[in-house]
Amino acid sequence: MKLRITLNTPALFAGHAASALRVDETTARDSQGRAYIPGYAIKGALRAELERLLAGIAENETDRQACGLESAAAASTWLDYIFGSPEHESRVFISDAYAENEDQRQYGFGVRNGTGINRRLRTVENQVLFNKEILDTREQVFEANIDFESDLAADKPKMRAFTNTLKALVALGSDKSRGLGFCSMELVGELTPVPVPAKAISEAASFPIKDGRVGVLYQLIDPTGLSFLADAERQFLPTRDYLPGGTLRGAFAREIGLRPASQPTEPEVAAFVNPETALRFWNAVPVEFAEDLVFPVPGSAQTAKRQPGFRPTGWGVRDNLLAGFGLSLIAQTRFPFAPDLNFRDGEKESVPTVFSGFMAWKNGAFRSIPPPTKRVITRVGVTPSVAALAENLFYVHEVLDASPTSPLNFYGEISNISAMSAELLRKCEWIRLGRARSRGQGRVQIKFVPPRQVSDSISTRIDETTGAVARMLAQLFEIMPDERFRVSDRCFFSLTLMSDTLPDLFARVRSVQEDLPPLPLDWARGLDLRLEHWMASMTRRSGWNGLTGLPKPVVPALARGSTFLGSVPLAQKQQLCHALEHIENEGLGEERVEGFGQVSVCHPFHTALAFEAR
């Protein structure tokens with residue numbers, strides 16, 4: 001349904017946008033400068049108004065019976081049932097509201113002077129002004145999407161309470177007592193409840209599985225915050241530039257009905273709980289076109305001084321993996337880690353690489369993928385234990401800046417699909433990601449597509465990598481004739497981590513004892529494997545388990561983009577092909593069901609850009 005909001009007076013919805021008006025508090029705008037009413041402002045006002053109405057009704061027994069309230073205590077139960085609580089998710093989802101017709105908008109921006117207030121003492125701050133930017137409207141209509149879960153939509157007393165709340169609410173935003181934010185609301189359109197579990201919308205023909213894998217296009221149509229561990233220099237909680245597999249896994253599980261306090265069915269247990277049959281959700285990366293084959297840029301990439309980065313007239317990027325191998329032979333040593341790795345208190349910590357981001361590989365050429373746009377949102381802090389506002393606390397976080405008119409597209413894959421789990425996936429039409437899902441953030445439409453695959457076989461890619469190494473060694477032999485540069489009895493391959501990788505305990509212990517990066521090598525049993533060179537860095541894994549309501553442990557991980565060059569005797573090439581095909585399909589390390597350990601074998605980046613920046 002649509003929620004139509006008509007603003008009859010100027011309003012203030014605090015934002016975190018830059019302003020040329022030199023004000024202390026700006027109004028909410030997106031990255032394109034468009035004003036909007038935040039979904040969390042709408043939902044918060046509705047919850048407060050319903051709480052006020054229920055408190056009055058609960059005092060009178062006749063009113064309680066007329067409204068369907070069993071007792072006075074049921075009023076708070078209704079409130080948590082509709083809008084959520086620390087233990088349960090909301091059953092109402094409200095998106096940000098934008099002007100009904102942006103081309104014919106009837107609003108501007110103005111400034112109101114105010115007096116500074118000491119929040120601790122709740123008194124006027126001497127000699128301090130606090131100026132606010134307001135949304136100056138003239139009967140402007142804003143529209144938001146509003147969705148109800150099916151159990152709430154079928155509960156007539158609670159739905160009647162919600163619609164009456166819409167009629168009773170007369171103002172939104174800040175400074176309502178000073179004449180700002182007066183409005184009227186109405187619901188428009190047919191009631192289409194959010195299914196629990198989600199309805200089936202796809203036939204077998206529109207669910208293209210190949211070798212137990214399916215591609216998924218994710219279209220973000222609301223701002224989405226996917227936070228990770230922030231560094232000390234940032235004043236806000238940053239968001240990621242991709243969709244983590246663990247977050248996608250939780251969102252799909254929630255859509256099909258696997259939630260806290262629920263009784264999972266046998267298919268749900270097999271698809272999300274059983275480690276042997278569980279679905280594996282690979283990270284989703286930003287794409288411009290649906291057919292793009294997109295990769296994170298390897299950490300061995302280095303920009304050129306001329307034409308840095310990817311340019312239409314030249315790539316301006318070279319790869320240092322093979323060059324580093326040559327240097328290690330010249331120096332008669334191997335550099336165990338790239339220079340971008342720091343050691344602090346005996347633990348490895350990564351710093352940003354020289355060149356990062358995403359690239360597309362198509363028709364033998366690379367091009368850069370522009371990073372997804374982001375913006376910062378400011379909200380009032382909340383104490384989770386009591387679900388109340390926290391004193392003197394603001395919560396500032398970054399989001400992927402998506403909207404219905406400017407969506408963001410991502411591509412990922414789901415593997416290890418069985419006939420039973422395929423039936424569950426077919427039911428999903430859209431999901432919600434990240435924080436503040438019921439307050440205007442994280443709505444994602446999904447579409448199943450054929451999985452992307454590199455056209456060349458692994459054997460062909462190994463031959464190309466071996467040929468590139470041979471050319472590099474031949475160049476070194478011309479400069480410095482030495483038998484060390486004649487490696488003719490081995491075949492070479494590269495491994496590039498497409499996502500962070502969690503090494504198993506054995507790999508972590510071995511890396512400490514042998515001064516090697518903690519790369520899992522259980523797949524190489526029986527092979528005379530030799531790691532020739534590597535450019536790797538470390539990061540930390542963290543997150544939140546929504547099912548248990550507990551944080552995930554913080555553990556070290558090999559960072560996305562880490563690259564490794566290895567070799568085996570020529571006689572073991574066929575055995576190597578089988579092993580590499582397995583890890584490219586199944587991944588490396590622990591927790592692969594959450595997108596960790598995705599690897600690319602013999603990435604074309606290392607051979608196409610091995611010798612010169614183009």
# chains A, B, ... in the order shown; residues from 1 in each chain; ligands from 1

$ select_by_dssp --residues "region 161-195 of chain A" --states "alpha helix (DSSP H)" --output "list in words"
Ala161, Phe162, Thr163, Asn164, Thr165, Leu166, Lys167 and Ala168 of chain A

$ closest_residue --among "A:Ser76, A:Asn283, A:Ser494, A:Ser184" --to "Glu143 (chain A)" --atoms "only C-alpha atoms"
A:Ser184

$ closest_atom_pairs --of "region 548-606 of chain A" --to "region 499-506 of chain A" --cutoff "7 Å" --atoms "only C-alpha atoms" --output "Markdown table"
| residue | atom | partner | partner_atom | distance |
| --- | --- | --- | --- | --- |
| A:Ala557 | CA | A:Leu502 | CA | 4.8 |
| A:Leu558 | CA | A:Thr501 | CA | 5.1 |
| A:Ala559 | CA | A:Asp500 | CA | 4.7 |
| A:Arg560 | CA | A:Ser499 | CA | 4.5 |
| A:Leu588 | CA | A:Thr501 | CA | 6.8 |
| A:Gly589 | CA | A:Pro503 | CA | 4.9 |
| A:Glu590 | CA | A:Leu502 | CA | 5.3 |
| A:Phe596 | CA | A:Thr501 | CA | 5.1 |
| A:Gly597 | CA | A:Thr501 | CA | 4.2 |
| A:Gln598 | CA | A:Ser499 | CA | 5.3 |

$ closest_residue --among "A:Arg138, A:Lys447, A:His88, A:Arg52" --to "Leu169 (chain A)" --atoms "only C-alpha atoms"
A:Arg52
